[in-house]
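Participant: So that you have it, the file is work_30.txt, and it contains compact mmCIF, C-alpha atoms and all ligand atoms:
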```
# COMPACT_ATOMS: atom_id res chain seq x y z
CA MET T 1 0.00 0.00 0.00
CA VAL T 2 2.75 2.44 0.94
CA LYS T 3 4.50 1.63 -2.27
CA LEU T 4 1.40 2.32 -4.29
CA LYS T 5 0.74 5.64 -2.54
CA LEU T 6 4.27 6.69 -3.19
CA LYS T 7 3.90 5.79 -6.81
CA LYS T 8 0.73 7.83 -6.99
CA LYS T 9 2.50 10.84 -5.46
CA VAL T 10 5.34 10.56 -7.91
CA TRP T 11 2.84 10.64 -10.71
CA GLN T 12 0.92 13.54 -9.20
CA ILE T 13 4.01 15.69 -8.94
CA GLY T 14 5.97 14.26 -11.82
CA ILE T 15 3.50 14.76 -14.64
CA PRO T 16 2.71 18.45 -14.01
CA LEU T 17 6.40 19.09 -13.55
CA LEU T 18 7.18 17.44 -16.84
CA LEU T 19 4.43 19.33 -18.63
CA THR T 20 5.54 22.64 -17.14
CA THR T 21 9.07 21.96 -18.29
CA ILE T 22 7.96 21.14 -21.83
CA VAL T 23 5.74 24.21 -22.06
CA GLY T 24 8.58 26.25 -20.59
CA ILE T 25 11.01 25.02 -23.18
CA ILE T 26 8.58 25.73 -26.01
CA LEU T 27 7.79 29.21 -24.76
CA GLY T 28 11.41 29.90 -24.02
CA THR T 29 12.45 28.84 -27.49
CA ASN T 30 9.72 31.00 -28.97
CA PHE T 31 10.75 34.00 -26.93
CA TYR T 32 14.34 33.41 -27.87
CA ASN T 33 13.53 33.06 -31.55
CA ASP T 34 11.38 36.13 -31.40
CA TYR T 35 14.15 38.04 -29.67
CA LYS T 36 16.64 36.88 -32.28
CA TYR T 37 14.34 37.81 -35.17
CA LYS T 38 13.92 41.30 -33.77
CA GLN T 39 17.67 41.76 -34.03
CA THR T 40 17.63 41.06 -37.78
CA TYR T 41 17.68 43.71 -40.49
CA GLU T 42 14.65 42.04 -42.02
CA TYR T 43 12.58 42.83 -38.91
CA LYS T 44 14.05 46.32 -38.58
CA LEU T 45 13.39 47.23 -42.20
CA ILE T 46 9.84 45.90 -42.07
CA SER T 47 9.26 47.95 -38.90
CA HIS T 48 10.60 50.91 -40.88
CA GLY T 49 7.70 50.57 -43.29
CA TYR T 50 9.25 48.50 -46.06
CA THR T 51 7.21 45.60 -47.39
CA LYS T 52 8.54 42.06 -47.23
CA GLU T 53 9.36 42.14 -50.94
CA GLU T 54 11.12 45.50 -50.71
CA THR T 55 13.05 44.28 -47.70
CA GLU T 56 14.26 41.22 -49.59
CA LYS T 57 15.48 43.39 -52.46
CA LEU T 58 17.22 45.84 -50.16
CA LEU T 59 18.97 43.08 -48.22
CA ASN T 60 20.05 41.49 -51.45
CA TYR T 61 21.66 44.71 -52.68
CA PHE T 62 22.94 46.11 -49.40
CA GLN T 63 25.10 43.37 -47.99
CA ASP T 64 27.29 45.22 -45.54
CA GLU T 65 26.20 46.35 -42.11
CA GLU T 66 27.23 49.95 -42.53
CA LYS T 67 25.01 50.44 -45.58
CA ARG T 68 22.13 48.63 -43.89
CA ASN T 69 22.43 50.87 -40.86
CA GLN T 70 22.39 53.90 -43.14
CA LEU T 71 19.07 52.71 -44.52
CA LEU T 72 17.71 52.56 -41.00
CA GLU T 73 18.95 56.01 -40.07
CA LYS T 74 16.55 57.68 -42.46
CA GLU T 75 12.84 57.37 -43.07
CA LYS T 76 11.70 54.82 -45.65
CA ASN T 77 13.77 55.77 -48.68
CA SER T 78 11.39 55.79 -51.62
CA THR T 79 13.98 57.15 -54.08
CA ILE T 80 16.23 54.14 -53.65
CA LEU T 81 13.24 51.82 -53.69
CA GLU T 82 11.96 53.19 -56.98
CA LEU T 83 15.40 52.83 -58.53
CA ILE T 84 16.03 49.26 -57.42
CA LYS T 85 12.68 48.21 -58.81
CA GLU T 86 13.76 49.31 -62.30
CA LYS T 87 14.57 46.41 -64.61
CA TYR T 88 18.04 47.59 -65.67
CA TYR T 89 19.16 48.77 -62.23
CA ILE T 90 22.87 48.15 -61.66
CA HIS T 91 23.74 48.41 -57.99
CA SER T 92 27.27 49.72 -58.47
CA ASN T 93 25.73 52.73 -60.25
CA LEU T 94 23.47 53.70 -57.37
CA GLU T 95 25.48 56.74 -56.24
CA SER T 96 25.61 58.01 -59.84
CA TYR T 97 21.85 57.49 -60.29
CA LEU T 98 21.15 59.47 -57.14
CA ALA T 99 23.52 62.30 -58.07
CA TYR T 100 22.08 62.52 -61.58
CA LYS T 101 18.52 62.37 -60.30
CA GLU T 102 19.27 65.24 -57.95
CA LYS T 103 20.29 67.40 -60.92
CA ASN T 104 17.54 66.13 -63.25
CA LYS T 105 14.43 65.94 -61.11
CA LYS T 106 12.03 65.82 -64.06
CA LYS T 107 13.58 62.77 -65.67
CA SER T 108 11.98 59.39 -65.13
CA ASN T 109 13.88 56.67 -63.28
CA ASN T 110 13.91 54.70 -66.48
CA GLU T 111 15.72 57.52 -68.29
CA ILE T 112 18.11 58.10 -65.40
CA ILE T 113 19.14 54.46 -65.37
CA ALA T 114 19.58 54.34 -69.16
CA VAL T 115 21.72 57.49 -69.21
CA ILE T 116 23.98 56.43 -66.34
CA ASN T 117 24.34 52.80 -67.47
CA THR T 118 25.43 53.93 -70.92
CA HIS T 119 27.75 56.71 -69.69
CA GLN T 120 25.80 59.43 -71.44
CA GLU T 121 25.75 61.82 -68.50
CA GLU T 122 29.12 63.14 -69.62
CA ASN T 123 29.39 65.46 -72.56
CA ALA T 124 30.22 63.49 -75.66
CA TYR T 125 33.89 62.51 -76.01
CA GLU T 126 34.80 64.27 -72.76
CA GLU T 127 35.36 61.04 -70.94
CA THR T 128 36.19 57.90 -72.88
CA LYS T 129 37.24 54.35 -72.18
CA GLU T 130 38.94 51.63 -74.20
CA SER T 131 36.36 49.31 -75.69
CA ASP T 132 36.64 45.65 -74.69
CA THR T 133 37.66 44.11 -78.01
CA GLU T 134 37.39 40.61 -76.54
CA LYS T 135 33.62 40.82 -76.70
CA GLY T 136 33.52 39.62 -80.30
CA ILE T 137 30.22 40.32 -82.04
CA LEU T 138 29.09 42.22 -78.94
CA ILE T 139 31.89 44.77 -79.13
CA ASN T 140 30.59 48.23 -78.33
CA ILE T 141 32.08 51.28 -80.00
CA ASN T 142 30.40 54.64 -79.38
CA LYS T 143 31.21 58.13 -78.11
CA PHE T 144 32.31 56.63 -74.79
CA TYR T 145 33.97 53.36 -75.84
CA LYS T 146 36.76 53.77 -78.33
CA VAL T 147 39.13 51.52 -80.20
CA ASN T 148 42.60 52.46 -81.35
CA GLU T 149 44.03 52.87 -84.79
CA ASP T 150 45.16 49.25 -84.97
CA TYR T 151 41.84 47.68 -84.24
CA GLU T 152 40.60 45.61 -87.14
CA PRO T 153 37.81 43.05 -87.07
CA GLN T 154 38.79 39.48 -87.83
CA GLU T 155 38.03 37.76 -91.13
CA ILE T 156 36.84 40.67 -93.17
CA THR T 157 35.34 39.78 -96.49
CA ASN T 158 34.07 41.65 -99.56
CA ILE T 159 30.32 41.83 -99.86
CA ASN T 160 29.19 40.35 -103.13
CA LEU T 161 28.08 43.00 -105.62
CA GLN T 162 24.67 41.38 -105.77
CA TYR T 163 24.07 42.76 -102.28
CA ALA T 164 26.16 45.92 -102.10
CA TYR T 165 27.71 48.82 -103.92
CA ALA T 166 31.37 48.37 -104.76
CA ASN T 167 34.11 48.22 -102.12
CA ASN T 168 32.03 47.08 -99.19
CA LYS T 169 33.49 44.80 -96.56
CA LEU T 170 32.06 43.01 -93.56
CA ALA T 171 33.20 40.51 -90.98
CA ASN T 172 32.40 37.03 -92.31
CA VAL T 173 29.82 36.25 -89.69
CA ALA T 174 27.90 39.46 -90.40
CA ASN T 175 28.20 39.01 -94.14
CA GLU T 176 26.71 35.51 -94.00
CA ALA T 177 23.84 36.68 -91.81
CA PHE T 178 23.21 39.59 -94.15
CA VAL T 179 22.97 37.33 -97.20
CA THR T 180 20.39 35.18 -95.39
CA MET T 181 18.45 38.30 -94.44
CA TRP T 182 18.76 39.67 -97.96
CA ASN T 183 17.14 36.52 -99.34
CA ALA T 184 14.30 36.67 -96.83
CA ALA T 185 13.66 40.30 -97.79
CA LYS T 186 13.79 39.39 -101.48
CA GLU T 187 10.95 36.95 -100.91
CA GLN T 188 8.90 39.98 -99.89
CA ASP T 189 9.96 41.79 -103.08
CA LEU T 190 12.37 43.99 -101.17
CA GLN T 191 15.83 44.37 -102.59
CA LEU T 192 18.26 45.53 -99.93
CA ILE T 193 21.57 47.08 -100.92
CA VAL T 194 24.52 47.91 -98.70
CA ASN T 195 25.75 51.46 -99.13
CA THR T 196 28.48 51.53 -96.49
CA SER T 197 29.89 48.90 -94.18
CA TYR T 198 33.34 48.43 -92.64
CA ARG T 199 35.38 51.59 -92.24
CA SER T 200 38.92 51.55 -90.96
CA TYR T 201 40.18 54.05 -88.38
CA LYS T 202 42.01 55.86 -91.17
CA SER T 203 39.01 56.24 -93.44
CA GLN T 204 36.88 57.38 -90.51
CA GLU T 205 39.55 59.94 -89.70
CA THR T 206 39.55 61.27 -93.26
CA MET T 207 35.77 61.45 -93.27
CA TYR T 208 35.65 63.26 -89.94
CA GLU T 209 38.41 65.72 -90.85
CA ASN T 210 36.78 66.54 -94.19
CA THR T 211 33.40 67.14 -92.55
CA LYS T 212 35.04 69.26 -89.88
CA ALA T 213 36.91 71.36 -92.45
CA ALA T 214 33.70 71.99 -94.36
CA ASN T 215 31.23 72.49 -91.49
CA GLY T 216 33.13 73.09 -88.27
CA SER T 217 33.65 70.64 -85.44
CA ARG T 218 30.22 71.01 -83.88
CA THR T 219 28.38 70.04 -87.01
CA ALA T 220 30.96 67.37 -87.77
CA ASP T 221 30.36 65.80 -84.35
CA ASN T 222 26.67 65.64 -85.06
CA MET T 223 27.13 64.06 -88.45
CA VAL T 224 30.15 61.79 -88.23
CA ALA T 225 31.73 59.79 -85.43
CA ARG T 226 35.28 60.69 -84.52
CA PRO T 227 37.93 58.15 -85.52
CA GLY T 228 38.01 55.22 -83.07
CA HIS T 229 34.39 55.92 -82.10
CA SER T 230 32.52 54.62 -85.15
CA ASP T 231 30.34 51.53 -85.08
CA HIS T 232 31.50 50.98 -88.66
CA GLN T 233 34.98 50.09 -87.41
CA THR T 234 33.49 46.91 -85.89
CA GLY T 235 33.01 45.45 -89.37
CA LEU T 236 29.61 44.34 -88.10
CA SER T 237 27.47 47.22 -89.28
CA ILE T 238 25.89 48.29 -92.51
CA ASP T 239 24.19 51.36 -93.88
CA VAL T 240 21.52 49.81 -96.01
CA TYR T 241 19.09 51.06 -98.66
CA GLU T 242 16.45 49.48 -100.80
CA LYS T 243 16.53 49.46 -104.59
CA ASN T 244 13.61 51.93 -104.73
CA TYR T 245 14.71 54.02 -101.75
CA GLN T 246 18.35 54.78 -102.23
CA THR T 247 18.84 57.89 -100.10
CA MET T 248 19.09 58.73 -96.45
CA ALA T 249 16.08 61.00 -96.77
CA THR T 250 13.75 58.42 -98.26
CA PHE T 251 14.79 55.18 -96.63
CA LYS T 252 12.86 55.71 -93.42
CA ASP T 253 9.57 55.74 -95.35
CA SER T 254 10.37 52.58 -97.26
CA PRO T 255 8.61 49.22 -96.83
CA ALA T 256 12.12 47.78 -96.43
CA TYR T 257 12.65 49.79 -93.25
CA THR T 258 9.34 48.59 -91.84
CA TRP T 259 10.29 45.03 -92.75
CA LEU T 260 13.72 45.34 -91.11
CA LYS T 261 12.19 46.72 -87.92
CA GLU T 262 9.98 43.66 -87.69
CA ASN T 263 12.34 40.98 -88.96
CA ALA T 264 16.03 41.92 -88.84
CA TYR T 265 16.49 40.56 -85.30
CA LYS T 266 15.74 37.05 -86.59
CA TYR T 267 18.99 37.29 -88.55
CA GLY T 268 20.97 38.89 -85.72
CA PHE T 269 20.67 42.53 -86.82
CA ILE T 270 19.38 45.46 -84.78
CA GLU T 271 18.66 49.11 -85.47
CA ARG T 272 21.69 50.77 -83.93
CA TYR T 273 20.43 54.38 -83.63
CA PRO T 274 16.65 54.34 -83.17
CA GLU T 275 14.42 57.38 -83.18
CA GLY T 276 13.90 58.94 -79.76
CA LYS T 277 16.90 57.14 -78.25
CA GLU T 278 19.49 59.75 -79.17
CA TYR T 279 20.08 60.57 -75.48
CA ILE T 280 21.22 56.98 -74.97
CA THR T 281 23.10 56.16 -78.17
CA GLY T 282 24.69 59.60 -78.47
CA PHE T 283 23.93 59.61 -82.21
CA THR T 284 21.11 61.03 -84.27
CA TYR T 285 18.41 58.76 -85.64
CA GLU T 286 19.81 56.65 -88.49
CA PRO T 287 17.15 54.30 -89.87
CA TRP T 288 19.60 52.91 -92.44
CA HIS T 289 22.26 51.84 -89.92
CA TRP T 290 21.93 48.18 -88.87
CA ARG T 291 24.35 46.32 -86.67
CA TYR T 292 25.01 42.60 -86.40
CA VAL T 293 25.03 41.41 -82.77
CA GLY T 294 24.01 37.77 -83.24
CA GLU T 295 20.56 36.26 -82.91
CA GLU T 296 20.48 35.89 -79.14
CA ALA T 297 21.31 39.52 -78.34
CA ALA T 298 19.18 40.78 -81.23
CA LYS T 299 16.13 38.92 -79.90
CA THR T 300 16.50 40.42 -76.43
CA ILE T 301 17.08 43.91 -77.81
CA HIS T 302 14.03 43.57 -80.05
CA GLU T 303 11.72 42.10 -77.43
CA GLU T 304 12.73 44.48 -74.66
CA ASN T 305 12.79 47.46 -77.01
CA ILE T 306 16.17 48.69 -75.81
CA THR T 307 19.22 50.02 -77.58
CA PHE T 308 22.43 48.06 -78.03
CA ASP T 309 24.12 50.41 -75.57
CA GLU T 310 21.60 49.55 -72.84
CA TYR T 311 21.89 45.87 -73.68
CA TYR T 312 25.67 46.06 -73.48
CA ALA T 313 25.62 47.85 -70.12
CA TYR T 314 23.20 45.46 -68.47
CA TYR T 315 23.68 42.10 -70.14
CA VAL T 316 27.33 42.17 -71.16
CA GLU T 317 29.32 44.51 -68.94
CA ASN T 318 27.24 44.01 -65.80
CA GLN T 319 27.31 40.20 -66.06
CA ALA T 320 31.03 40.00 -66.68
ZN ZN B 401 26.18 54.04 -90.41
```
Could you spell out this file's structure in C-alpha cells?
Facilitator:
Amino acid sequence: MVKLKLKKKVWQIGIPLLLTTIVGIILGTNFYNDYKYKQTYEYKLISHGYTKEETEKLLNYFQDEEKRNQLLEKEKNSTILELIKEKYYIHSNLESYLAYKEKNKKKSNNEIIAVINTHQEENAYEETKESDTEKGILININKFYKVNEDYEPQEITNINLQYAYANNKLANVANEAFVTMWNAAKEQDLQLIVNTSYRSYKSQETMYENTKAANGSRTADNMVARPGHSDHQTGLSIDVYEKNYQTMATFKDSPAYTWLKENAYKYGFIERYPEGKEYITGFTYEPWHWRYVGEEAAKTIHEENITFDEYYAYYVENQA
C-alpha cells in the first residue's frame, strides 16, 4: 500500500512538472527566436515601413552592415526603392543614379538608369574608355567606348556586288547573316543594298576631318563619329538602302525599313540608332544603320525594345 501511494505521489508531482518543463522550453524557445528575429535587419526594415518584398530586395543589394544601418537612419527611402525596382538597375551605379537624379528631377527613373548605365551623363567625347575588343560580335564602339588605330575586325570579307555597292566589306559572320536576311527580304519583293559597311580608323579619320573642315567641329560631331568611335569600325554594321529608296532621306519611309524593324532581329541585326533614343546612343536617328550582334542579343534587344548600348551595359558589362 505504501508503495502504491508513493507511486501515486510521484505521478501527481511528476506529470505536471514534466508538462511545465515542456511548455517552458517551447515558450522559451519561442521568446528566444522572437528576440533573435527582432535583431535582424529584415525585422528592422519591415518595422521601418518596407514591405517584405522590398526588404528582400534591399537586403540582397545592401550586404554590408554599414550600408544597412544607413538605410535605417533615415525614413523609408522611396527614391532608392523606386530605382532598385527598375529592370536595368545596376547596384554599383546607385550613387551616380542618385547624383544625376538630384540634378535632373524631371527625368523618369527609367531615363536616369539608361543614361547612367550607358555613360551618357558626360558630354560626348569628354570622358572615354577603351572598348573591350574581346567581346567579339558584342563589341561596343560609341562616343564613350573607343578603339585604337590598330583595331581591325577578324576575317573581313568583300560583300558580293549582288548585295552591295562596290568596295564594301564586312566581318564574315555578319556578311553571311546579311545574305540570309537579304534573301528573306527578297521573298517579300524587297531588294536591300549595302551602301556603307566596314570603315577603318584611317578612313573614318579622313571622313571626320573633311566634314570638320567643311562644317566646323560642332556640325561634324553631329554628323560623323570621330575616328576610333565609329560603329562601322566593328566590321559588323551596314548602312543599307532598298533598290527603290536609295537615299538617307527616303529610306525611313520605305517598306524595307518597316520590314527590317519587324524581322532583322531574326537574322541577328538590330537598329543601332533608333528614333527617340538619341540621349542613350549619343547619335542622331539613323534608320539605315543596322548592326550585327548575333541572334540571341538581337532577340533580347528587339523584345525588350532597348538600344544596343543599354543591352551592353546590363547584359554584357554588368554580367562580366
Ligand atoms: Zn552608319
Participant: Name the residues in contact with Lys135 of chain T at a cut-off of 10 Å, using all atoms listed in the file, excluding same-chain residues fewer than 4 positions from it; report them as a PyMOL selection string.
Facilitator: chain T and resi 131+139-140+316-317
Participant: Give one line per residue of chain T that approaches ligand ZN 401 (chain B) to at most 8 Å, naming the two atoms of the closest pair and their distance in Å to one decimal, counting only C-alpha atoms and all ligand atoms; sort by chain then ascending residue number and deliver it as a tab-separated table.
Facilitator:
```
residue	atom	partner	partner_atom	distance
T:Thr196	CA	B:ZN401	ZN	7.0
T:Ser197	CA	B:ZN401	ZN	7.4
T:Asp231	CA	B:ZN401	ZN	7.2
T:His232	CA	B:ZN401	ZN	6.4
T:Ser237	CA	B:ZN401	ZN	7.0
T:Ile238	CA	B:ZN401	ZN	6.1
T:Asp239	CA	B:ZN401	ZN	4.8
T:Glu286	CA	B:ZN401	ZN	7.1
T:Trp288	CA	B:ZN401	ZN	7.0
T:His289	CA	B:ZN401	ZN	4.5
T:Trp290	CA	B:ZN401	ZN	7.4
```
Participant: Mind giving me the straight-line distance from atom CA of Ala298 of chain T to atom CA of Asn168 of chain T in Å, one decimal?
Facilitator: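 That distance, rounded to one decimal, is 23.0 Å.
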Participant: To one decimal place, how far is atom CA of Ile270 of chain T from atom CA of Thr300 of chain T in Å?
Facilitator: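 Atom CA of Ile270 of chain T sits 10.2 Å away from atom CA of Thr300 of chain T.
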Participant: Taking (41.0, 56.8, -91.7) in the file's own coordinates, collect the residues within 12 Å, counting only C-alpha atoms, and hand them back as a PyMOL selection string.
Facilitator: chain T and resi 148-151+198-210+225-230+232-233
Participant: Using only C-alpha atoms, which of the listed residues (T:Tyr311, T:Tyr279, T:Trp259, T:Tyr43) sits closest to Leu190 of chain T?
Facilitator: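 Using only C-alpha atoms, Leu190 of chain T sits closest to T:Trp259.
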Participant: Provide the atom CA of Phe308 of chain T to atom CA of Gly294 of chain T distance in Å, to one decimal place.
Facilitator: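 Interatomic distance here is 11.6 Å.
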Participant: What's the 9 Å shell around segment 94-108 of chain T, counting all atoms listed in the file, without same-chain residues fewer than 3 positions away, as a ChimeraX atom specification?
Facilitator: /T:79-80,83-84,89-91,111-113,115-117,121
Participant: My list of candidates is T:Asn167, T:Thr29, T:Asn142, T:Thr234. Which is closest to Lys129 of chain T when distances are computed with all atoms listed in the file?
Facilitator: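 Of T:Asn167, T:Thr29, T:Asn142, T:Thr234, the one nearest Lys129 of chain T is T:Asn142, counting all atoms listed in the file.
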Participant: Find the residues around Leu71 of chain T up to 10 Å (only C-alpha atoms counted), leave out those fewer than 4 positions away in its own chain, and share them as an mmCIF file with C-alpha atoms, in the frame of the given file.
Facilitator:
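Contents of the output file out-v1.cif:
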```cif
data_model
loop_
_atom_site.group_PDB
_atom_site.id
_atom_site.type_symbol
_atom_site.label_atom_id
_atom_site.label_comp_id
_atom_site.auth_asym_id
_atom_site.auth_seq_id
_atom_site.Cartn_x
_atom_site.Cartn_y
_atom_site.Cartn_z
ATOM 1 C CA TYR T 41 17.680 43.710 -40.490
ATOM 2 C CA LEU T 45 13.390 47.230 -42.200
ATOM 3 C CA HIS T 48 10.600 50.910 -40.880
ATOM 4 C CA LEU T 58 17.220 45.840 -50.160
ATOM 5 C CA PHE T 62 22.940 46.110 -49.400
ATOM 6 C CA GLU T 65 26.200 46.350 -42.110
ATOM 7 C CA GLU T 66 27.230 49.950 -42.530
ATOM 8 C CA LYS T 67 25.010 50.440 -45.580
ATOM 9 C CA GLU T 75 12.840 57.370 -43.070
ATOM 10 C CA LYS T 76 11.700 54.820 -45.650
ATOM 11 C CA ASN T 77 13.770 55.770 -48.680
ATOM 12 C CA ILE T 80 16.230 54.140 -53.650
#
```
Participant: In the coordinates of the file, take the point (15.7, 52.9, -92.1) and a cut-off of 12 Å; then, counting only C-alpha atoms, name each qualifying protein, DNA or RNA residue as a VMD selection string.
Facilitator: chain T and resid 192 238 to 242 245 to 262 264 270 to 275 285 to 290
Participant: Using only C-alpha atoms, which residue out of T:Phe144, T:Asn110, T:Ser47, T:Trp11 lies closest to Asn123 of chain T?
Facilitator: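 Closest residue, counting only C-alpha atoms: T:Phe144.
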Participant: Go through T:Lys266, T:Ala313, T:Ile22, T:Tyr163 one by one, measure the shortest atom-to-atom distance of each to Trp182 of chain T using only C-alpha atoms, and give the residue with the smallest value.
Facilitator: T:Tyr163
Participant: Show me, as AutoDock Vina command-line options, the centre and edge lengths in Å to one decimal of the axis-aligned box that covers every listed atom of segment 200-204 of chain T with 3 Å on each side.
Facilitator:
```
--center_x 39.4 --center_y 54.5 --center_z -90.9 --size_x 11.1 --size_y 11.8 --size_z 11.1
```
